[in-house]
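Data from protein_28.cif: mmCIF, C-alpha atoms and all ligand atoms
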data_model
#
loop_
_atom_site.label_atom_id
_atom_site.label_comp_id
_atom_site.auth_asym_id
_atom_site.auth_seq_id
_atom_site.Cartn_x
_atom_site.Cartn_y
_atom_site.Cartn_z
CA MET A 783 81.76 94.74 -46.61
CA ARG A 784 81.26 92.87 -43.37
CA VAL A 785 78.15 93.31 -41.30
CA VAL A 786 78.60 95.42 -38.18
CA ARG A 787 77.45 93.38 -35.21
CA GLN A 788 75.47 94.68 -32.23
CA GLY A 789 77.55 97.11 -30.16
CA GLU A 790 80.45 97.22 -32.60
CA GLY A 791 82.11 100.56 -33.32
CA PRO A 792 83.75 101.74 -36.56
CA LEU A 793 87.27 101.60 -35.04
CA PHE A 794 89.46 98.53 -34.57
CA CYS A 795 90.57 96.61 -31.50
CA THR A 796 93.88 98.09 -30.27
CA PHE A 797 95.17 94.84 -28.77
CA THR A 798 98.69 93.91 -29.98
CA LEU A 799 99.13 90.26 -30.89
CA GLU A 800 102.30 88.24 -30.20
CA ASP A 801 103.61 88.87 -33.71
CA GLY A 802 103.32 92.64 -33.25
CA ARG A 803 100.23 93.16 -35.43
CA THR A 804 97.04 94.59 -33.97
CA CYS A 805 93.94 92.43 -33.57
CA GLY A 806 92.02 93.53 -36.68
CA HIS A 807 88.55 92.94 -35.26
CA HIS A 808 86.20 95.86 -34.71
CA GLU A 809 86.15 97.33 -31.21
CA VAL A 810 83.14 97.27 -28.93
CA ASP A 811 81.91 100.80 -29.54
CA GLY A 812 84.00 103.28 -27.54
CA LEU A 813 85.84 100.67 -25.45
CA GLY A 814 88.95 100.24 -27.64
CA PHE A 815 88.98 96.42 -27.70
CA CYS A 816 87.02 93.60 -29.25
CA LEU A 817 85.09 91.40 -26.83
CA TRP A 818 87.81 88.74 -27.07
CA HIS A 819 90.55 91.17 -25.95
CA MET A 820 88.43 93.23 -23.56
CA PRO A 821 90.24 93.83 -20.23
CA ASP A 822 88.46 92.00 -17.38
CA GLU A 823 87.32 95.17 -15.61
CA MET A 824 85.47 96.38 -18.73
CA LEU A 825 84.07 93.00 -19.71
CA GLU A 826 80.63 93.29 -18.14
CA GLU A 827 80.02 96.67 -19.75
CA ALA A 828 81.14 95.30 -23.12
CA GLU A 829 78.88 92.28 -22.71
CA GLU A 830 75.93 94.52 -22.00
CA VAL A 831 76.62 96.55 -25.15
CA THR A 832 77.10 93.54 -27.43
CA GLY A 833 74.62 91.13 -25.88
CA HIS A 834 77.30 88.41 -26.03
CA ARG A 835 79.17 86.96 -23.06
CA ARG A 836 82.68 85.57 -22.68
CA CYS A 837 83.48 82.23 -21.08
CA ARG A 838 84.48 82.68 -17.39
CA HIS A 839 86.75 79.63 -17.22
CA ASP A 840 89.88 80.64 -15.19
CA PHE A 841 88.62 84.24 -15.24
CA GLY A 842 91.32 86.69 -14.06
CA GLU A 843 94.11 84.11 -14.57
CA PRO A 844 96.65 84.09 -17.40
CA SER A 845 95.00 80.84 -18.53
CA ALA A 846 91.54 82.50 -18.75
CA CYS A 847 89.35 81.36 -21.65
CA HIS A 848 88.39 84.09 -24.13
CA GLN A 849 85.88 82.07 -26.19
CA MET A 850 82.34 83.35 -26.58
CA ALA A 851 80.00 81.67 -24.12
CA VAL A 852 76.95 79.71 -25.24
CA THR A 853 73.91 82.00 -24.89
CA GLU A 854 72.22 81.96 -21.46
CA THR A 855 74.80 79.76 -19.74
CA ASP A 856 75.26 80.68 -16.10
CA PRO A 857 78.12 81.20 -15.33
CA PRO A 858 78.93 81.99 -18.97
CA SER A 859 80.63 78.91 -20.45
CA CYS A 860 81.93 78.04 -23.88
CA LYS A 861 81.51 74.67 -25.58
CA VAL A 862 84.92 73.54 -24.30
CA HIS A 863 84.26 74.51 -20.69
CA GLY A 864 81.07 72.75 -19.76
CA ALA A 865 78.54 73.94 -22.33
CA ASN A 866 79.14 71.32 -25.01
CA ARG A 867 76.07 70.04 -26.83
CA GLY A 868 74.19 67.48 -24.79
CA SER A 869 75.68 68.63 -21.47
CA ASN A 870 73.38 69.66 -18.63
CA THR A 871 74.76 73.23 -18.82
CA HIS A 872 73.90 73.41 -22.52
CA LYS A 873 70.45 71.93 -21.95
CA ALA A 874 69.72 74.36 -19.09
CA ALA A 875 70.90 77.27 -21.27
CA MET A 876 68.70 76.10 -24.16
CA GLY A 877 65.82 75.91 -21.72
CA ARG A 878 66.41 79.54 -20.73
CA VAL A 879 66.64 80.62 -24.39
CA ILE A 880 63.32 78.89 -25.12
CA GLU A 881 61.81 80.33 -21.94
CA GLY A 882 62.91 83.80 -23.08
CA ARG A 883 61.26 83.29 -26.48
CA VAL A 884 58.07 82.10 -24.82
CA GLN A 885 58.06 85.20 -22.57
CA ASP A 886 58.62 87.54 -25.55
CA ARG A 887 55.78 85.93 -27.47
CA MET A 888 53.52 86.16 -24.44
CA VAL A 889 54.17 89.89 -24.10
CA GLU A 890 53.27 90.30 -27.81
CA ILE A 891 50.04 88.34 -27.45
CA LEU A 892 49.08 90.17 -24.26
CA SER A 893 49.57 93.54 -25.90
CA GLU A 894 47.63 92.47 -29.03
CA ASN A 895 44.68 91.44 -26.85
CA GLY A 896 44.70 94.30 -24.36
CA GLU A 897 41.06 95.19 -25.04
CA ARG A 898 39.81 91.70 -24.22
CA LEU A 899 41.90 91.55 -21.07
CA LEU A 900 40.49 94.84 -19.84
CA ASN A 901 36.92 93.61 -20.38
CA PRO A 902 36.96 89.96 -19.33
CA ARG A 903 33.78 87.89 -19.47
CA GLN A 904 31.79 87.17 -16.31
CA LEU A 905 32.83 84.00 -14.52
CA GLY A 906 30.27 81.28 -13.93
CA ASN A 907 30.21 78.71 -11.17
CA PRO A 908 33.88 78.06 -10.26
CA LEU A 909 33.43 74.29 -10.41
CA VAL A 910 31.89 74.54 -13.90
CA GLU A 911 34.66 76.94 -15.00
CA LEU A 912 37.28 74.56 -13.65
CA LEU A 913 35.77 71.64 -15.56
CA GLN A 914 35.76 73.74 -18.74
CA LEU A 915 39.39 74.71 -18.10
CA ALA A 916 40.33 71.08 -17.60
CA ALA A 917 38.63 70.16 -20.90
CA GLU A 918 40.63 72.87 -22.73
CA MET A 919 43.84 71.83 -20.98
CA ALA A 920 43.26 68.18 -21.95
CA GLU A 921 42.70 69.21 -25.58
CA TRP A 922 45.89 71.32 -25.51
CA LYS A 923 47.82 68.43 -23.99
CA ASP A 924 46.58 66.11 -26.79
CA ILE A 925 47.56 68.67 -29.45
CA MET A 926 51.07 68.97 -27.97
CA ARG A 927 51.36 65.20 -27.81
CA THR A 928 50.49 64.88 -31.49
CA ILE A 929 53.08 67.54 -32.37
CA VAL A 930 55.81 65.94 -30.24
CA VAL A 931 55.13 62.49 -31.69
CA TYR A 932 55.27 63.96 -35.21
CA LEU A 933 58.56 65.77 -34.52
CA VAL A 934 60.14 62.73 -32.88
CA ASP A 935 59.25 60.67 -35.95
CA ARG A 936 60.65 63.30 -38.27
CA GLN A 937 63.82 63.60 -36.21
CA ARG A 938 64.33 59.86 -36.38
CA ILE A 939 64.34 60.18 -40.17
CA ARG A 940 66.64 63.22 -40.36
CA SER A 941 68.51 63.06 -37.05
CA ALA A 942 71.46 65.01 -38.49
CA HIS A 943 69.36 68.15 -38.75
CA SER A 944 70.04 70.09 -35.54
CA LYS A 945 67.26 72.65 -36.13
CA VAL A 946 64.63 69.96 -35.59
CA GLY A 947 66.28 69.01 -32.31
CA GLU A 948 66.08 72.55 -31.00
CA GLN A 949 62.46 72.90 -32.03
CA LEU A 950 61.66 69.57 -30.43
CA ARG A 951 63.00 70.75 -27.07
CA ALA A 952 60.53 73.65 -27.04
CA GLU A 953 57.62 71.38 -27.94
CA VAL A 954 58.60 68.77 -25.36
CA LEU A 955 58.79 71.52 -22.74
CA LEU A 956 55.29 72.72 -23.64
CA TYR A 957 53.97 69.15 -23.63
CA GLU A 958 55.49 68.45 -20.20
CA ARG A 959 54.03 71.67 -18.86
CA ALA A 960 50.59 70.80 -20.27
CA LEU A 961 50.76 67.41 -18.56
CA GLU A 962 51.70 68.95 -15.22
CA ARG A 963 48.99 71.61 -15.39
CA LEU A 964 46.30 69.17 -16.41
CA ALA A 965 47.26 66.89 -13.51
CA LYS A 966 47.08 69.86 -11.12
CA ILE A 967 43.63 70.93 -12.38
CA LEU A 968 42.31 67.38 -12.13
CA GLN A 969 43.62 67.16 -8.56
CA ASP A 970 41.85 70.42 -7.73
CA ILE A 971 38.62 69.16 -9.25
CA ALA A 972 38.86 65.91 -7.33
CA ARG A 973 39.44 67.86 -4.13
CA LEU A 974 36.55 70.23 -4.86
CA GLY A 975 34.30 67.27 -5.54
CA ILE A 976 35.02 65.99 -2.06
CA GLU A 977 34.36 69.42 -0.58
CA ALA A 978 31.02 69.66 -2.36
CA LYS A 979 30.07 66.28 -0.92
CA LEU A 980 31.13 67.41 2.57
CA ALA A 981 28.96 70.52 2.26
CA ALA A 982 25.99 68.33 1.27
CA ILE A 983 26.52 66.17 4.37
CA GLU A 984 26.64 69.28 6.58
CA ASP A 985 23.37 70.55 5.07
CA ARG A 986 21.75 67.20 5.84
CA GLN A 987 22.95 67.32 9.45
CA VAL A 988 21.46 70.78 9.94
CA LEU A 989 18.15 69.51 8.55
CA VAL A 990 18.20 66.57 10.99
CA ILE A 991 18.87 68.88 13.96
CA GLU A 992 16.14 71.33 12.93
CA THR A 993 13.61 68.52 12.47
CA ALA A 994 14.47 67.11 15.90
CA LEU A 995 14.20 70.56 17.46
CA ALA A 996 10.80 71.17 15.88
CA ALA A 997 9.55 67.86 17.26
CA ALA A 998 10.99 68.63 20.74
CA LEU A 999 9.48 72.13 20.79
CA ASN A 1000 6.09 70.82 19.70
CA ALA A 1001 6.16 68.30 22.53
CA SER A 1002 7.36 70.91 25.08
CA GLY A 1003 4.08 72.85 25.10
CA LEU A 1004 5.95 76.21 24.84
CA ASP A 1005 4.03 79.02 23.15
CA ILE A 1006 5.02 80.23 19.66
CA VAL A 1007 7.17 83.14 20.99
CA ASP A 1008 9.20 80.89 23.30
CA GLN A 1009 9.57 78.28 20.55
CA GLN A 1010 10.92 80.98 18.24
CA ARG A 1011 13.35 82.14 20.95
CA ALA A 1012 14.61 78.56 21.44
CA ARG A 1013 15.20 78.26 17.68
CA VAL A 1014 17.23 81.50 17.62
CA VAL A 1015 19.38 80.31 20.56
CA LEU A 1016 20.00 76.93 18.91
CA ARG A 1017 20.95 78.52 15.59
CA ARG A 1018 23.35 80.91 17.34
CA GLU A 1019 24.99 78.01 19.19
CA LEU A 1020 25.28 75.96 16.00
CA VAL A 1021 26.99 78.88 14.24
CA LYS A 1022 29.43 79.20 17.16
CA VAL A 1023 30.24 75.49 17.07
CA SER A 1024 30.70 75.42 13.28
CA LYS A 1025 33.05 78.43 13.47
CA LYS A 1026 35.17 76.65 16.07
CA VAL A 1027 35.33 73.52 13.89
CA SER A 1028 36.31 75.30 10.66
ZN ZN B 1 90.79 92.15 -30.40
ZN ZN B 2 85.92 78.50 -22.26
#
Output the file's structure in the form of structure tokens.
Ligand SMILES: [Zn+2]
Ligand SMILES: [Zn+2]
Amino acid sequence: MRVVRQGEGPLFCTFTLEDGRTCGHHEVDGLGFCLWHMPDEMLEEAEEVTGHRRCRHDFGEPSACHQMAVTETDPPSCKVHGANRGSNTHKAAMGRVIEGRVQDRMVEILSENGERLLNPRQLGNPLVELLQLAAEMAEWKDIMRTIVVYLVDRQRIRSAHSKVGEQLRAEVLLYERALERLAKILQDIARLGIEAKLAAIEDRQVLVIETALAAALNASGLDIVDQQRARVVLRRELVKVSKKVS
């Protein structure tokens, strides 16, 4: 007995072939036709039920293609109409399939670790955290590089095996992503380093101004109260200026 596929009903497709026989495939449940013979206006509904899509080449024309589309092609395309192996359409579709798998796995992991996510640890100094993150990212990048190198070597030996190729695409994607993210984090750290240095320079300038003011006030012969008042005014003015600058 044949396996009933997703969305298939117990009845048969009612489409009549050129030789007068009926199609013989199972119908999409309740719709009266198989996906191949589904009338155009019911196609989207049938695709939703079955999870498969039909090639849209010449859609609505007598010459329309009725082949099943390669998963995740957009618009849906079969191997004859743009989604042949190695084509950009096929690669993009594979990318979306892999992306979908990654998303599914992420949802699983998130739900398995709900408790930890609800009670995250306290963050330390952002710069220290960022350096730690960069270290982890660099380690992850190295791990992915080792895996990709291993898979490329293995594929060279058994290049006929298509499964390895598909797996390799996922690993290469993860490796590329790790590279990009590490580069971004390192850029941020470099930028933050500059900012920290700028802050240090500003602190030094304030110290210079305050020292000069103290010397000037000492020389002015003002009493302590007036000296204090002058300091307050200067500080207020400095705050105003620094707000305008930043
Ligand atoms: Zn049919
Ligand atoms: Zn086609």
Residues up to 9 Å from ligand ZN 1 (chain B), counting only C-alpha atoms and all ligand atoms: could you list those as a ChimeraX atom specification?
-> /A:794-799,804-809,814-820
Counting all atoms listed in the file, which residues in chain A sit no more than 9 Å from ligand ZN 2 (chain B)? For each one, give the nearest pair of atoms and the distance in Å, sorted by chain then residue number, as JSON lines.
{"residue": "A:Arg836", "atom": "CA", "partner": "B:ZN2", "partner_atom": "ZN", "distance": 7.8}
{"residue": "A:Cys837", "atom": "CA", "partner": "B:ZN2", "partner_atom": "ZN", "distance": 4.6}
{"residue": "A:Arg838", "atom": "CA", "partner": "B:ZN2", "partner_atom": "ZN", "distance": 6.6}
{"residue": "A:His839", "atom": "CA", "partner": "B:ZN2", "partner_atom": "ZN", "distance": 5.2}
{"residue": "A:Asp840", "atom": "CA", "partner": "B:ZN2", "partner_atom": "ZN", "distance": 8.4}
{"residue": "A:Ala846", "atom": "CA", "partner": "B:ZN2", "partner_atom": "ZN", "distance": 7.7}
{"residue": "A:Cys847", "atom": "CA", "partner": "B:ZN2", "partner_atom": "ZN", "distance": 4.5}
{"residue": "A:His848", "atom": "CA", "partner": "B:ZN2", "partner_atom": "ZN", "distance": 6.4}
{"residue": "A:Gln849", "atom": "CA", "partner": "B:ZN2", "partner_atom": "ZN", "distance": 5.3}
{"residue": "A:Met850", "atom": "CA", "partner": "B:ZN2", "partner_atom": "ZN", "distance": 7.4}
{"residue": "A:Ala851", "atom": "CA", "partner": "B:ZN2", "partner_atom": "ZN", "distance": 7.0}
{"residue": "A:Pro858", "atom": "CA", "partner": "B:ZN2", "partner_atom": "ZN", "distance": 8.5}
{"residue": "A:Ser859", "atom": "CA", "partner": "B:ZN2", "partner_atom": "ZN", "distance": 5.6}
{"residue": "A:Cys860", "atom": "CA", "partner": "B:ZN2", "partner_atom": "ZN", "distance": 4.3}
{"residue": "A:Lys861", "atom": "CA", "partner": "B:ZN2", "partner_atom": "ZN", "distance": 6.7}
{"residue": "A:Val862", "atom": "CA", "partner": "B:ZN2", "partner_atom": "ZN", "distance": 5.5}
{"residue": "A:His863", "atom": "CA", "partner": "B:ZN2", "partner_atom": "ZN", "distance": 4.6}
{"residue": "A:Gly864", "atom": "CA", "partner": "B:ZN2", "partner_atom": "ZN", "distance": 7.9}
{"residue": "A:Ala865", "atom": "CA", "partner": "B:ZN2", "partner_atom": "ZN", "distance": 8.7}
Tell me which protein, DNA and RNA residues are within 12 Å of Gln987 (chain A), counting all atoms listed in the file, leaving out same-chain ones fewer than 6 positions away, and put them as an MDAnalysis selection string.
-> chainID A and resid 980:981 993:994 1020 1024
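The gap separating CA of Ala875 (chain A) from CA of Leu825 (chain A) is 20.6 Å, in Å to one decimal.
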Among A:Ile929, A:Leu900, A:Ala952, A:Leu909, Gly877 (chain A) is approached most closely, using all atoms listed in the file, by A:Ala952
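Taking CA of Asn870 (chain A) as the reference point, CA of Glu854 (chain A) is found at 12.7 Å.
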Please identify all polymer residues within 9 Å of Ala960 (chain A), counting only C-alpha atoms, omitting same-chain residues fewer than 2 positions from it, and present them as a PyMOL selection string.
-> chain A and resi 919-920+922-924+926+955-958+962-965
Can I get the selected residues back with C-alpha atoms, as an mmCIF file, keeping the file's coordinate frame?
data_model
loop_
_atom_site.group_PDB
_atom_site.id
_atom_site.type_symbol
_atom_site.label_atom_id
_atom_site.label_comp_id
_atom_site.auth_asym_id
_atom_site.auth_seq_id
_atom_site.Cartn_x
_atom_site.Cartn_y
_atom_site.Cartn_z
ATOM 1 C CA MET A 919 43.840 71.830 -20.980
ATOM 2 C CA ALA A 920 43.260 68.180 -21.950
ATOM 3 C CA TRP A 922 45.890 71.320 -25.510
ATOM 4 C CA LYS A 923 47.820 68.430 -23.990
ATOM 5 C CA ASP A 924 46.580 66.110 -26.790
ATOM 6 C CA MET A 926 51.070 68.970 -27.970
ATOM 7 C CA LEU A 955 58.790 71.520 -22.740
ATOM 8 C CA LEU A 956 55.290 72.720 -23.640
ATOM 9 C CA TYR A 957 53.970 69.150 -23.630
ATOM 10 C CA GLU A 958 55.490 68.450 -20.200
ATOM 11 C CA GLU A 962 51.700 68.950 -15.220
ATOM 12 C CA ARG A 963 48.990 71.610 -15.390
ATOM 13 C CA LEU A 964 46.300 69.170 -16.410
ATOM 14 C CA ALA A 965 47.260 66.890 -13.510
#
One-decimal distance in Å that lies between CA of Met888 (chain A) and CA of Leu905 (chain A) = 23.0 Å
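Nearest to Val879 (chain A) of all the residues A:Arg938, A:Arg1017, A:Arg927, A:Arg951 is A:Arg951, based on only C-alpha atoms.
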Go through A:Val889, A:Val852, A:Arg973, A:Asn1000 and flag the residue nearest His872 (chain A), using only C-alpha atoms for the distances.
->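 Once distances to His872 (chain A) are computed over only C-alpha atoms, the minimum belongs to A:Val852.
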Could N, CA and C atoms be built for region 806-841 of chain A and written out as a compact mmCIF listing (two decimals), in the frame of the given file?
# COMPACT_ATOMS: atom_id res chain seq x y z
N GLY A 806 92.71 93.54 -35.38
CA GLY A 806 92.02 93.53 -36.68
C GLY A 806 90.51 93.38 -36.59
N HIS A 807 90.01 92.97 -35.44
CA HIS A 807 88.55 92.94 -35.26
C HIS A 807 88.05 94.33 -34.89
N HIS A 808 86.78 94.58 -35.12
CA HIS A 808 86.20 95.86 -34.71
C HIS A 808 86.14 95.93 -33.19
N GLU A 809 86.26 97.14 -32.66
CA GLU A 809 86.15 97.33 -31.21
C GLU A 809 84.69 97.29 -30.79
N VAL A 810 84.46 97.03 -29.51
CA VAL A 810 83.14 97.27 -28.93
C VAL A 810 83.05 98.79 -28.81
N ASP A 811 81.99 99.34 -29.34
CA ASP A 811 81.91 100.80 -29.54
C ASP A 811 82.39 101.63 -28.34
N GLY A 812 83.48 102.35 -28.55
CA GLY A 812 84.00 103.28 -27.54
C GLY A 812 84.89 102.65 -26.49
N LEU A 813 85.06 101.31 -26.52
CA LEU A 813 85.84 100.67 -25.45
C LEU A 813 87.26 100.30 -25.89
N GLY A 814 87.57 100.40 -27.18
CA GLY A 814 88.95 100.24 -27.64
C GLY A 814 89.40 98.80 -27.91
N PHE A 815 88.61 97.82 -27.50
CA PHE A 815 88.98 96.42 -27.70
C PHE A 815 87.79 95.64 -28.24
N CYS A 816 88.10 94.52 -28.90
CA CYS A 816 87.02 93.60 -29.25
C CYS A 816 86.65 92.84 -27.98
N LEU A 817 85.55 92.11 -28.03
CA LEU A 817 85.09 91.40 -26.83
C LEU A 817 86.14 90.37 -26.38
N TRP A 818 86.78 89.75 -27.35
CA TRP A 818 87.81 88.74 -27.07
C TRP A 818 88.96 89.34 -26.23
N HIS A 819 89.39 90.55 -26.62
CA HIS A 819 90.55 91.17 -25.95
C HIS A 819 90.16 92.19 -24.88
N MET A 820 88.90 92.24 -24.53
CA MET A 820 88.43 93.23 -23.56
C MET A 820 89.08 92.97 -22.19
N PRO A 821 89.70 94.02 -21.58
CA PRO A 821 90.24 93.83 -20.23
C PRO A 821 89.12 93.41 -19.27
N ASP A 822 89.46 92.58 -18.28
CA ASP A 822 88.46 92.00 -17.38
C ASP A 822 87.54 93.04 -16.76
N GLU A 823 88.13 94.19 -16.35
CA GLU A 823 87.32 95.17 -15.61
C GLU A 823 86.29 95.86 -16.50
N MET A 824 86.45 95.76 -17.83
CA MET A 824 85.47 96.38 -18.73
C MET A 824 84.55 95.34 -19.38
N LEU A 825 84.76 94.08 -19.00
CA LEU A 825 84.07 93.00 -19.71
C LEU A 825 82.55 93.07 -19.57
N GLU A 826 82.09 93.30 -18.34
CA GLU A 826 80.63 93.29 -18.14
C GLU A 826 79.94 94.39 -18.95
N GLU A 827 80.58 95.56 -18.98
CA GLU A 827 80.02 96.67 -19.75
C GLU A 827 79.96 96.29 -21.23
N ALA A 828 81.08 95.70 -21.71
CA ALA A 828 81.14 95.30 -23.12
C ALA A 828 80.09 94.24 -23.44
N GLU A 829 79.87 93.34 -22.49
CA GLU A 829 78.88 92.28 -22.71
C GLU A 829 77.48 92.87 -22.79
N GLU A 830 77.25 93.88 -21.97
CA GLU A 830 75.93 94.52 -22.00
C GLU A 830 75.69 95.19 -23.35
N VAL A 831 76.74 95.83 -23.87
CA VAL A 831 76.62 96.55 -25.15
C VAL A 831 76.40 95.56 -26.30
N THR A 832 77.14 94.46 -26.28
CA THR A 832 77.10 93.54 -27.43
C THR A 832 76.01 92.48 -27.31
N GLY A 833 75.59 92.21 -26.08
CA GLY A 833 74.62 91.13 -25.88
C GLY A 833 75.27 89.75 -25.90
N HIS A 834 76.60 89.70 -26.09
CA HIS A 834 77.30 88.41 -26.03
C HIS A 834 78.08 88.33 -24.72
N ARG A 835 78.40 87.13 -24.29
CA ARG A 835 79.17 86.96 -23.06
C ARG A 835 80.39 86.09 -23.34
N ARG A 836 81.43 86.32 -22.51
CA ARG A 836 82.68 85.57 -22.68
C ARG A 836 82.76 84.49 -21.62
N CYS A 837 83.32 83.37 -21.99
CA CYS A 837 83.48 82.23 -21.08
C CYS A 837 84.26 82.70 -19.83
N ARG A 838 83.83 82.25 -18.64
CA ARG A 838 84.48 82.68 -17.39
C ARG A 838 85.47 81.64 -16.86
N HIS A 839 85.82 80.65 -17.68
CA HIS A 839 86.75 79.63 -17.22
C HIS A 839 88.11 80.29 -16.90
N ASP A 840 88.60 80.06 -15.68
CA ASP A 840 89.88 80.64 -15.19
C ASP A 840 89.89 82.16 -15.29
N PHE A 841 88.73 82.79 -15.12
CA PHE A 841 88.62 84.24 -15.24
C PHE A 841 89.63 84.94 -14.32
